[in-house]
file structure23.csv (CSV, C-alpha atoms and all ligand atoms)
chain,number,residue,atom,x,y,z
A,298,MET,CA,116.9,82.1,158.9
A,299,ASP,CA,118.0,82.8,162.4
A,300,PHE,CA,119.8,85.9,163.8
A,301,LEU,CA,123.0,85.9,165.7
A,302,GLU,CA,121.5,87.7,168.5
A,303,ARG,CA,124.3,87.7,171.0
A,304,LEU,CA,128.0,87.7,170.8
A,305,ASP,CA,129.3,84.6,172.5
A,306,LEU,CA,130.9,81.3,171.4
A,307,LYS,CA,127.9,79.2,172.3
A,308,THR,CA,125.3,81.2,170.5
A,309,PHE,CA,127.5,81.4,167.4
A,310,THR,CA,128.3,77.7,167.5
A,311,GLU,CA,124.6,76.8,167.8
A,312,ALA,CA,123.8,79.0,164.9
A,313,ALA,CA,126.5,77.3,162.9
A,314,ARG,CA,125.1,73.9,163.8
A,315,ARG,CA,121.7,75.0,162.4
A,316,VAL,CA,123.1,75.9,158.9
A,317,PRO,CA,121.4,73.6,156.4
A,318,TYR,CA,123.0,71.2,154.0
A,319,GLU,CA,121.4,70.8,150.6
A,320,ARG,CA,121.8,68.0,148.1
A,321,VAL,CA,122.3,69.4,144.6
A,322,TYR,CA,121.3,67.5,141.4
A,323,SER,CA,122.6,68.9,138.2
A,324,HIS,CA,124.4,67.7,135.1
A,325,LEU,CA,126.8,70.6,135.6
A,326,PHE,CA,128.5,68.3,138.2
A,327,PRO,CA,128.5,64.8,136.6
A,328,GLY,CA,129.6,61.7,138.5
A,329,ILE,CA,129.7,63.2,142.0
A,330,GLU,CA,127.3,63.4,144.9
A,331,LEU,CA,127.2,67.1,145.5
A,332,TRP,CA,126.1,68.8,148.7
A,333,VAL,CA,126.1,72.5,149.6
A,334,ARG,CA,126.4,73.9,153.1
A,335,ARG,CA,124.5,77.2,153.2
A,336,ASP,CA,126.6,79.4,155.4
A,337,ASP,CA,125.3,82.3,153.3
A,338,ARG,CA,122.2,81.7,155.5
A,339,LEU,CA,123.9,81.9,158.9
A,340,ASP,CA,122.3,85.3,159.5
A,341,PRO,CA,120.7,87.7,157.1
A,342,MET,CA,123.2,90.5,157.8
A,343,LEU,CA,126.2,88.7,159.0
A,344,SER,CA,126.6,85.8,156.7
A,345,GLY,CA,129.1,83.5,155.2
A,346,ASN,CA,132.8,83.0,156.1
A,347,LYS,CA,133.2,86.7,157.1
A,348,ALA,CA,131.0,86.1,160.2
A,349,TYR,CA,133.2,83.2,161.2
A,350,LYS,CA,136.4,85.1,160.6
A,351,LEU,CA,135.2,88.1,162.7
A,352,LEU,CA,134.1,86.0,165.7
A,353,PHE,CA,137.3,85.7,167.7
A,354,SER,CA,138.4,89.3,167.0
A,355,LEU,CA,135.1,90.6,168.3
A,356,LEU,CA,135.3,88.4,171.3
A,357,GLU,CA,138.7,89.7,172.0
A,358,ALA,CA,137.6,93.3,171.6
A,359,ARG,CA,134.9,92.8,174.1
A,360,GLU,CA,137.1,91.1,176.5
A,361,ARG,CA,139.6,93.9,176.4
A,362,GLY,CA,137.0,96.5,176.7
A,363,ILE,CA,137.7,97.9,173.2
A,364,LYS,CA,134.8,99.9,171.7
A,365,THR,CA,136.0,100.4,168.2
A,366,VAL,CA,136.8,97.9,165.5
A,367,VAL,CA,138.8,99.2,162.5
A,368,THR,CA,139.4,97.3,159.3
A,369,CYS,CA,140.0,98.0,155.6
A,370,GLY,CA,138.7,96.9,152.2
A,371,GLY,CA,137.4,98.0,148.8
A,372,ALA,CA,134.1,99.5,147.7
A,373,TRP,CA,132.3,96.1,147.4
A,374,SER,CA,134.0,94.3,150.2
A,375,ASN,CA,132.0,91.6,151.9
A,376,HIS,CA,134.3,92.0,154.9
A,377,ILE,CA,133.6,95.7,155.3
A,378,HIS,CA,129.9,95.0,155.1
A,379,ALA,CA,130.0,92.2,157.7
A,380,THR,CA,132.2,94.3,160.0
A,381,ALA,CA,129.7,97.2,159.8
A,382,ALA,CA,126.8,94.8,160.5
A,383,ALA,CA,128.6,93.1,163.4
A,384,GLY,CA,129.3,96.5,164.9
A,385,ALA,CA,125.7,97.5,164.7
A,386,ARG,CA,124.5,94.2,166.0
A,387,PHE,CA,126.9,93.8,169.0
A,388,GLY,CA,127.5,97.4,170.0
A,389,PHE,CA,130.9,98.3,168.6
A,390,SER,CA,131.8,101.5,166.7
A,391,THR,CA,133.4,100.6,163.4
A,392,LEU,CA,135.8,102.4,161.2
A,393,GLY,CA,136.4,101.3,157.6
A,394,VAL,CA,139.6,102.3,155.7
A,395,ILE,CA,138.5,102.2,152.1
A,396,ARG,CA,140.8,101.9,149.1
A,397,GLY,CA,140.7,104.8,146.7
A,398,GLU,CA,139.4,108.4,146.7
A,399,ARG,CA,135.9,109.0,147.9
A,400,PRO,CA,133.6,108.6,144.9
A,401,SER,CA,130.8,111.0,144.2
A,402,SER,CA,128.3,108.3,144.9
A,403,LEU,CA,129.0,105.5,147.3
A,404,SER,CA,128.6,101.8,146.3
A,405,ALA,CA,125.6,100.0,147.7
A,406,THR,CA,128.0,98.2,150.1
A,407,LEU,CA,129.4,101.4,151.5
A,408,GLN,CA,126.0,103.0,151.7
A,409,ASP,CA,124.9,100.0,153.8
A,410,ALA,CA,128.1,100.2,155.9
A,411,GLN,CA,127.5,103.9,156.6
A,412,ARG,CA,123.9,103.3,157.5
A,413,LEU,CA,125.0,100.6,159.9
A,414,GLY,CA,127.1,103.2,161.6
A,415,MET,CA,130.5,102.6,160.1
A,416,LYS,CA,132.8,105.7,159.7
A,417,LEU,CA,134.5,105.6,156.3
A,418,VAL,CA,138.0,106.9,155.7
A,419,PHE,CA,139.1,106.9,152.1
A,420,VAL,CA,142.8,106.6,151.3
A,421,THR,CA,144.7,106.7,148.1
A,422,ARG,CA,145.7,103.4,146.5
A,423,ALA,CA,149.4,104.2,147.2
A,424,GLN,CA,148.6,104.6,150.9
A,425,TYR,CA,146.4,101.5,150.9
A,426,ARG,CA,149.2,99.4,149.5
A,427,ARG,CA,150.9,99.8,152.9
A,428,ARG,CA,148.0,98.4,154.9
A,429,GLY,CA,150.1,95.5,156.1
A,430,GLU,CA,152.6,97.7,157.8
A,431,ALA,CA,152.6,98.4,161.5
A,432,GLU,CA,152.6,102.2,161.0
A,433,PHE,CA,149.8,102.3,158.5
A,434,LEU,CA,147.0,103.4,160.8
A,435,CYS,CA,149.1,106.1,162.4
A,436,GLU,CA,150.2,107.4,159.0
A,437,ILE,CA,146.6,107.9,157.8
A,438,GLY,CA,145.8,109.7,161.0
A,439,ILE,CA,144.0,106.9,162.9
A,440,ASP,CA,144.8,106.5,166.6
A,441,GLU,CA,144.8,102.8,167.1
A,442,GLU,CA,145.4,102.9,170.9
A,443,SER,CA,141.7,102.3,171.7
A,444,MET,CA,140.9,100.2,168.6
A,445,LEU,CA,141.1,96.7,167.5
A,446,PHE,CA,142.5,96.3,164.0
A,447,VAL,CA,141.2,93.4,161.8
A,448,PRO,CA,143.3,92.8,158.7
A,449,GLU,CA,141.7,93.1,155.2
A,450,GLY,CA,139.3,90.3,154.5
A,451,GLY,CA,139.3,89.2,158.1
A,452,ALA,CA,142.5,87.3,157.5
A,453,GLY,CA,144.9,86.7,160.4
A,454,LEU,CA,145.0,84.1,163.1
A,455,PRO,CA,141.7,85.0,164.8
A,456,GLY,CA,140.1,84.7,161.4
A,457,VAL,CA,141.6,81.3,160.8
A,458,ARG,CA,140.4,80.2,164.3
A,459,GLY,CA,136.9,81.2,163.3
A,460,ALA,CA,137.1,79.1,160.1
A,461,ARG,CA,138.5,76.2,162.2
A,462,LEU,CA,135.3,76.4,164.2
A,463,LEU,CA,133.4,76.1,160.9
A,464,GLY,CA,135.5,73.0,160.1
A,465,ARG,CA,134.7,71.4,163.4
A,466,VAL,CA,131.0,72.1,163.1
A,467,ILE,CA,131.0,70.5,159.6
A,468,LYS,CA,132.6,67.4,161.1
A,469,GLU,CA,130.0,67.3,163.7
A,470,THR,CA,126.9,68.0,161.6
A,471,SER,CA,127.7,66.6,158.1
A,472,PRO,CA,124.8,64.4,156.9
A,473,VAL,CA,127.1,62.0,155.0
A,474,ARG,CA,130.9,61.3,155.2
A,475,PHE,CA,132.3,63.7,152.7
A,476,ASP,CA,135.3,62.7,150.5
A,477,GLN,CA,136.2,66.4,149.8
A,478,VAL,CA,135.2,69.8,151.1
A,479,TRP,CA,135.5,72.7,148.6
A,480,VAL,CA,135.8,76.4,149.4
A,481,ALA,CA,136.7,79.7,147.6
A,482,SER,CA,140.0,81.2,148.6
A,483,GLY,CA,141.0,84.9,148.6
A,484,THR,CA,143.4,85.2,151.4
A,485,GLY,CA,143.2,81.5,152.2
A,486,ALA,CA,142.3,82.1,155.8
A,487,THR,CA,139.1,80.2,155.5
A,488,PHE,CA,140.8,77.3,153.7
A,489,ALA,CA,143.5,77.2,156.4
A,490,GLY,CA,140.9,77.1,159.1
A,491,LEU,CA,139.0,74.3,157.4
A,492,VAL,CA,142.1,72.3,156.9
A,493,ALA,CA,142.8,72.7,160.7
A,494,GLY,CA,139.2,72.0,161.7
A,495,LEU,CA,138.4,69.1,159.3
A,496,ARG,CA,141.6,67.2,159.9
A,497,GLU,CA,141.3,64.0,157.9
A,498,PHE,CA,138.9,65.4,155.3
A,499,PRO,CA,140.7,66.6,152.2
A,500,VAL,CA,139.9,70.3,151.6
A,501,VAL,CA,140.1,71.9,148.2
A,502,GLY,CA,140.6,75.7,147.9
A,503,VAL,CA,139.8,77.4,144.6
A,504,GLU,CA,142.0,80.5,144.3
A,505,VAL,CA,139.9,83.4,143.0
A,506,LEU,CA,142.8,85.6,142.1
A,507,LYS,CA,146.2,85.3,140.4
A,508,ALA,CA,147.9,84.7,143.6
A,509,GLY,CA,151.2,83.3,142.6
A,510,GLY,CA,152.3,81.4,145.7
A,511,SER,CA,151.0,83.9,148.1
A,512,ILE,CA,147.9,82.1,149.3
A,513,GLU,CA,149.8,78.9,149.8
A,514,ALA,CA,152.5,80.8,151.8
A,515,GLY,CA,149.9,82.5,154.0
A,516,VAL,CA,148.1,79.2,154.6
A,517,SER,CA,151.4,77.4,155.6
A,518,GLN,CA,152.3,80.3,157.9
A,519,TRP,CA,148.9,80.2,159.7
A,520,LEU,CA,149.0,76.4,160.0
A,521,ARG,CA,152.4,76.7,161.6
A,522,GLU,CA,151.1,79.4,164.0
A,523,LEU,CA,148.4,77.1,165.1
A,524,LYS,CA,151.3,75.4,166.7
A,525,GLY,CA,151.7,72.2,164.8
A,526,GLU,CA,148.2,71.0,165.6
A,527,VAL,CA,147.8,70.2,162.0
A,528,GLU,CA,149.7,67.6,160.0
A,529,GLN,CA,148.0,68.2,156.6
A,530,SER,CA,150.2,68.8,153.6
A,531,ILE,CA,149.1,71.4,151.2
A,532,GLU,CA,149.8,71.1,147.5
A,533,ARG,CA,149.1,73.8,145.0
A,534,VAL,CA,148.1,72.5,141.6
A,535,ASP,CA,147.7,74.0,138.2
A,536,THR,CA,144.9,71.9,136.7
A,537,GLN,CA,144.8,73.4,133.3
A,538,GLY,CA,144.1,70.4,131.0
A,539,ALA,CA,146.1,68.1,133.3
A,540,VAL,CA,145.1,65.4,135.7
A,541,TYR,CA,145.5,66.8,139.2
A,542,ARG,CA,148.9,65.6,140.4
A,543,GLY,CA,148.5,63.9,143.7
A,544,PHE,CA,144.9,65.1,143.7
A,545,LEU,CA,143.4,64.4,147.0
A,546,GLY,CA,145.7,61.7,148.0
A,547,ASP,CA,145.2,60.4,151.6
A,548,SER,CA,146.0,63.6,153.5
A,549,CYS,CA,146.6,66.1,150.7
A,550,CYS,CA,144.7,69.3,150.7
A,551,ASN,CA,144.8,71.2,147.4
A,552,LEU,CA,144.8,74.8,146.3
A,553,LEU,CA,143.6,75.0,142.7
A,554,SER,CA,145.4,77.8,140.9
A,555,SER,CA,143.8,77.9,137.5
A,556,PHE,CA,140.2,79.0,138.0
A,557,HIS,CA,140.7,82.7,138.8
A,558,CYS,CA,139.0,83.4,135.4
A,559,GLY,CA,141.4,86.2,134.6
A,560,GLY,CA,142.0,87.6,138.1
A,561,TYR,CA,140.2,89.0,141.1
A,562,GLY,CA,136.8,90.4,140.3
A,563,LYS,CA,137.1,89.5,136.6
A,564,PHE,CA,133.9,88.2,135.1
A,565,PRO,CA,134.4,86.8,131.6
A,566,SER,CA,131.4,85.7,129.6
A,567,TYR,CA,132.1,82.0,130.1
A,568,LEU,CA,131.8,82.5,133.8
A,569,SER,CA,128.6,84.6,133.3
A,570,SER,CA,127.0,81.8,131.2
A,571,PHE,CA,128.0,79.3,133.8
A,572,LEU,CA,126.2,81.3,136.5
A,573,ASP,CA,123.1,81.5,134.3
A,574,ASP,CA,123.1,77.7,133.8
A,575,PHE,CA,123.7,77.2,137.5
A,576,ASP,CA,120.9,79.6,138.4
A,577,ALA,CA,118.5,77.9,136.0
A,578,GLN,CA,119.3,74.4,137.2
A,579,VAL,CA,120.1,74.8,140.9
A,580,GLY,CA,118.8,78.2,141.9
A,581,ILE,CA,121.2,78.8,144.8
A,582,PRO,CA,122.4,82.4,144.5
A,583,LEU,CA,126.1,82.8,143.8
A,584,ASP,CA,128.4,85.8,143.4
A,585,PRO,CA,130.8,86.3,140.5
A,586,VAL,CA,133.9,87.0,142.7
A,587,TYR,CA,134.0,83.9,145.0
A,588,THR,CA,131.3,81.3,145.0
A,589,GLY,CA,130.7,81.6,141.2
A,590,LYS,CA,134.3,80.6,140.5
A,591,LEU,CA,134.2,77.9,143.1
A,592,PHE,CA,131.3,76.1,141.5
A,593,TYR,CA,132.7,76.7,138.1
A,594,ALA,CA,136.0,75.0,139.1
A,595,LEU,CA,134.0,72.1,140.6
A,596,SER,CA,131.9,71.8,137.4
A,597,LYS,CA,135.0,71.7,135.2
A,598,SER,CA,136.8,69.3,137.5
A,599,ALA,CA,133.9,66.9,137.7
A,600,SER,CA,133.3,67.1,133.9
A,601,SER,CA,136.9,66.4,133.1
A,602,GLY,CA,137.1,63.3,135.3
A,603,ASN,CA,139.5,64.9,137.8
A,604,ILE,CA,137.3,63.8,140.7
A,605,ALA,CA,136.8,60.1,141.4
A,606,ALA,CA,133.4,58.9,140.3
A,607,GLY,CA,130.9,58.7,143.2
A,608,SER,CA,132.8,61.1,145.4
A,609,LYS,CA,130.8,62.9,148.0
A,610,VAL,CA,131.7,66.5,147.7
A,611,LEU,CA,130.6,69.3,150.1
A,612,VAL,CA,130.8,72.9,148.9
A,613,VAL,CA,130.9,75.5,151.6
A,614,HIS,CA,128.7,78.4,150.4
A,615,SER,CA,130.7,81.3,151.9
A,616,GLY,CA,128.1,84.0,151.3
A,617,GLY,CA,129.0,87.2,149.3
A,618,GLY,CA,125.4,87.9,148.2
A,619,GLN,CA,125.7,91.6,149.0
A,620,GLY,CA,128.6,91.9,146.6
A,621,ARG,CA,126.5,90.8,143.7
A,622,ARG,CA,125.1,94.3,143.5
A,623,GLY,CA,128.4,95.4,142.0
A,624,TYR,CA,127.7,93.1,138.9
A,625,PHE,CA,123.9,92.7,138.3
B,701,LIG,C1,136.1,86.8,151.5
B,701,LIG,C2,135.4,85.7,150.8
B,701,LIG,C3,136.0,84.5,150.5
B,701,LIG,C4,137.5,84.3,150.7
B,701,LIG,O1,137.8,83.9,152.0
B,701,LIG,P1,139.4,83.9,152.4
B,701,LIG,O2,139.3,83.4,153.8
B,701,LIG,O3,139.9,85.3,152.3
B,701,LIG,O4,140.1,82.9,151.5
B,701,LIG,C5,135.3,83.5,150.0
B,701,LIG,N1,134.0,83.6,149.7
B,701,LIG,C6,133.3,84.8,150.0
B,701,LIG,C7,131.9,84.9,149.6
B,701,LIG,C8,134.0,85.8,150.6
B,701,LIG,O5,133.3,87.0,150.8
call {"tool": "encode", "arguments": {"input": "structure23.csv", "output": "structure tokens"}}
result
Amino acid sequence: MDFLERLDLKTFTEAARRVPYERVYSHLFPGIELWVRRDDRLDPMLSGNKAYKLLFSLLEARERGIKTVVTCGGAWSNHIHATAAAGARFGFSTLGVIRGERPSSLSATLQDAQRLGMKLVFVTRAQYRRRGEAEFLCEIGIDEESMLFVPEGGAGLPGVRGARLLGRVIKETSPVRFDQVWVASGTGATFAGLVAGLREFPVVGVEVLKAGGSIEAGVSQWLRELKGEVEQSIERVDTQGAVYRGFLGDSCCNLLSSFHCGGYGKFPSYLSSFLDDFDAQVGIPLDPVYTGKLFYALSKSASSGNIAAGSKVLVVHSGGGQGRRGYF
């Protein structure tokens, strides 16, 4: 594994080009040719989609001479962890606004973040709910003049641009021509970026929370903000027991809405046994919140014949390994 030693577009892109693709053989995924792109191995501290999503915000901060990056998240947030690590690596101060009262003992994630130099500010859940509002930082006593604010999860247009870079790198480096590219979706920023970067490849996003239409709405908004560079149509499908309507038609990217397994962070026993099987057969480490549900959805879809036989499917491993500590 290499380190992202410097913060510039070239170093980052080269690191992204070195990320390995692995062919996976397992009867959990019948009838398809499965590949995994190991973006969890981009860098030992700054891994997965969170690194891509931070890239353009960090470049902007440096260009504007901003020394402090502020963001927000929960106690096990991969994004908080990545932001703290990026700050330590590239010389920014970091400030994390954390949801909920300060607990008597910090989660492993927050301990790491603190050790990496992040200052933690705990706010009540009621305050946290207002994190999308312009006055939020001011109201919780943070002077944002000299700081760059990155939205929760690294979402937002700079985050989408980073994921678009990932999409472009996949096009450039893919070992075979993939019929579908799958990714876990929380805010949908990574999905949106992949749709923009991959163009003619159909992208499938697996929603990991009960999102209603919110992920789809965010994705559409971001794709519009990328100024009509993208013509892909997005269709949200509830796959429960049904054949995917319009599934992966010529230029149709899908968000799958029925594999959240009960909601964000929920870890029912069927998901747990799937992860055990996957671990025994494949051995690639997954997390219960994102990549676990992603592979579960793919397994169910392949087993129920919802994916054309012989399809070449690429799964983007978006990282999240540090968050596993909240479960195991
Ligand atoms: C944050 C995260 C996601 C979700 O990314 P979005 O861009 O918010 O959809 C997926 N996988 C992992 C491991 C994550 O940490």
call {"tool": "closest_atom_pairs", "arguments": {"input": "structure23.csv", "of": "chain A", "to": "ligand LIG 701 (chain B)", "cutoff": "6 Å", "atoms": "all atoms listed in the file", "output": "JSON lines"}}
result
{"residue": "A:Asn375", "atom": "CA", "partner": "B:LIG701", "partner_atom": "O5", "distance": 4.9}
{"residue": "A:Gly450", "atom": "CA", "partner": "B:LIG701", "partner_atom": "O3", "distance": 5.5}
{"residue": "A:Ala481", "atom": "CA", "partner": "B:LIG701", "partner_atom": "C5", "distance": 4.7}
{"residue": "A:Ser482", "atom": "CA", "partner": "B:LIG701", "partner_atom": "O4", "distance": 3.4}
{"residue": "A:Gly483", "atom": "CA", "partner": "B:LIG701", "partner_atom": "O4", "distance": 3.6}
{"residue": "A:Thr484", "atom": "CA", "partner": "B:LIG701", "partner_atom": "O3", "distance": 3.6}
{"residue": "A:Gly485", "atom": "CA", "partner": "B:LIG701", "partner_atom": "O4", "distance": 3.5}
{"residue": "A:Ala486", "atom": "CA", "partner": "B:LIG701", "partner_atom": "O2", "distance": 3.8}
{"residue": "A:Thr487", "atom": "CA", "partner": "B:LIG701", "partner_atom": "O2", "distance": 3.6}
{"residue": "A:Tyr587", "atom": "CA", "partner": "B:LIG701", "partner_atom": "N1", "distance": 4.7}
{"residue": "A:Thr588", "atom": "CA", "partner": "B:LIG701", "partner_atom": "C7", "distance": 5.9}
{"residue": "A:Ser615", "atom": "CA", "partner": "B:LIG701", "partner_atom": "C7", "distance": 4.4}
{"residue": "A:Gly616", "atom": "CA", "partner": "B:LIG701", "partner_atom": "C7", "distance": 4.3}
{"residue": "A:Gly617", "atom": "CA", "partner": "B:LIG701", "partner_atom": "C7", "distance": 3.7}
call {"tool": "closest_residue", "arguments": {"input": "structure23.csv", "among": "A:Ser344, A:Thr368, A:Asn603, A:Thr470", "to": "Ala452 of chain A", "atoms": "only C-alpha atoms"}}
result
A:Thr368
call {"tool": "atom_distance", "arguments": {"input": "structure23.csv", "atom1": "atom CA of Gly623 of chain A", "atom2": "atom CA of His324 of chain A"}}
result
28.8 Å
call {"tool": "closest_residue", "arguments": {"input": "structure23.csv", "among": "A:Val505, A:Ile512, A:Ala383, A:Val478", "to": "Asp340 of chain A", "atoms": "all atoms listed in the file"}}
result
A:Ala383
call {"tool": "residues_near_point", "arguments": {"input": "structure23.csv", "point": "(130.6, 80.9, 165.6)", "cutoff": "9 Å", "atoms": "all atoms listed in the file", "output": "list in words"}}
result
Leu304, Asp305, Leu306, Lys307, Thr308, Phe309, Thr310, Glu311, Ala312, Ala313, Ala348, Tyr349, Lys350, Leu352, Phe353, Gly459, Ala460, Leu462 and Leu463 of chain A
call {"tool": "residues_around", "arguments": {"input": "structure23.csv", "residues": "Ile467 of chain A", "least_positions_apart": "3", "cutoff": "12 Å", "atoms": "all atoms listed in the file", "output": "mmCIF file with C-alpha atoms, in the frame of the given file"}}
result
data_model
loop_
_atom_site.group_PDB
_atom_site.id
_atom_site.type_symbol
_atom_site.label_atom_id
_atom_site.label_comp_id
_atom_site.auth_asym_id
_atom_site.auth_seq_id
_atom_site.Cartn_x
_atom_site.Cartn_y
_atom_site.Cartn_z
ATOM 1 C CA THR A 310 128.300 77.700 167.500
ATOM 2 C CA ALA A 313 126.500 77.300 162.900
ATOM 3 C CA ARG A 314 125.100 73.900 163.800
ATOM 4 C CA ARG A 315 121.700 75.000 162.400
ATOM 5 C CA VAL A 316 123.100 75.900 158.900
ATOM 6 C CA PRO A 317 121.400 73.600 156.400
ATOM 7 C CA TYR A 318 123.000 71.200 154.000
ATOM 8 C CA VAL A 333 126.100 72.500 149.600
ATOM 9 C CA ARG A 334 126.400 73.900 153.100
ATOM 10 C CA ARG A 335 124.500 77.200 153.200
ATOM 11 C CA ASP A 336 126.600 79.400 155.400
ATOM 12 C CA ALA A 460 137.100 79.100 160.100
ATOM 13 C CA ARG A 461 138.500 76.200 162.200
ATOM 14 C CA LEU A 462 135.300 76.400 164.200
ATOM 15 C CA LEU A 463 133.400 76.100 160.900
ATOM 16 C CA GLY A 464 135.500 73.000 160.100
ATOM 17 C CA THR A 470 126.900 68.000 161.600
ATOM 18 C CA SER A 471 127.700 66.600 158.100
ATOM 19 C CA PRO A 472 124.800 64.400 156.900
ATOM 20 C CA VAL A 473 127.100 62.000 155.000
ATOM 21 C CA ARG A 474 130.900 61.300 155.200
ATOM 22 C CA PHE A 475 132.300 63.700 152.700
ATOM 23 C CA GLN A 477 136.200 66.400 149.800
ATOM 24 C CA VAL A 478 135.200 69.800 151.100
ATOM 25 C CA GLY A 490 140.900 77.100 159.100
ATOM 26 C CA LEU A 491 139.000 74.300 157.400
ATOM 27 C CA VAL A 492 142.100 72.300 156.900
ATOM 28 C CA GLY A 494 139.200 72.000 161.700
ATOM 29 C CA LEU A 495 138.400 69.100 159.300
ATOM 30 C CA ARG A 496 141.600 67.200 159.900
ATOM 31 C CA PHE A 498 138.900 65.400 155.300
ATOM 32 C CA VAL A 500 139.900 70.300 151.600
ATOM 33 C CA LEU A 611 130.600 69.300 150.100
ATOM 34 C CA VAL A 612 130.800 72.900 148.900
ATOM 35 C CA VAL A 613 130.900 75.500 151.600
#
call {"tool": "residues_around", "arguments": {"input": "structure23.csv", "residues": "Arg359 of chain A", "least_positions_apart": "2", "cutoff": "12 Å", "atoms": "all atoms listed in the file", "output": "PyMOL selection string"}}
result
chain A and resi 304-305+352-357+361-366+384+387-390+443-445
call {"tool": "atom_distance", "arguments": {"input": "structure23.csv", "atom1": "atom CA of Val610 of chain A", "atom2": "atom CA of Cys558 of chain A"}}
result
22.1 Å
call {"tool": "residues_around", "arguments": {"input": "structure23.csv", "residues": "Leu523 of chain A", "least_positions_apart": "5", "cutoff": "9 Å", "atoms": "all atoms listed in the file", "output": "PyMOL selection string"}}
result
chain A and resi 454+458+493+518
call {"tool": "residues_around", "arguments": {"input": "structure23.csv", "residues": "segment 569-577 of chain A", "least_positions_apart": "3", "cutoff": "9 Å", "atoms": "only C-alpha atoms", "output": "list in words"}}
result
Ser323, Leu325, Phe564, Pro565, Ser566, Gly580, Ile581, Pro582, Leu583, Asp584, Pro585, Gly589, Phe592 and Tyr593 of chain A
call {"tool": "atom_distance", "arguments": {"input": "structure23.csv", "atom1": "atom CA of Val447 of chain A", "atom2": "atom CA of Ala379 of chain A"}}
result
12.0 Å
call {"tool": "closest_residue", "arguments": {"input": "structure23.csv", "among": "A:Gly456, A:Gly509, A:Pro341, A:Gly560", "to": "Gly618 of chain A", "atoms": "only C-alpha atoms"}}
result
A:Pro341
call {"tool": "residues_around", "arguments": {"input": "structure23.csv", "residues": "Tyr561 of chain A", "least_positions_apart": "2", "cutoff": "7 Å", "atoms": "all atoms listed in the file", "output": "list in words"}}
result
Val505, Leu506, His557, Lys563 and Val586 of chain A
call {"tool": "closest_residue", "arguments": {"input": "structure23.csv", "among": "A:Met415, A:Phe556, A:Phe446, A:Asp476", "to": "Ala606 of chain A", "atoms": "only C-alpha atoms"}}
result
A:Asp476
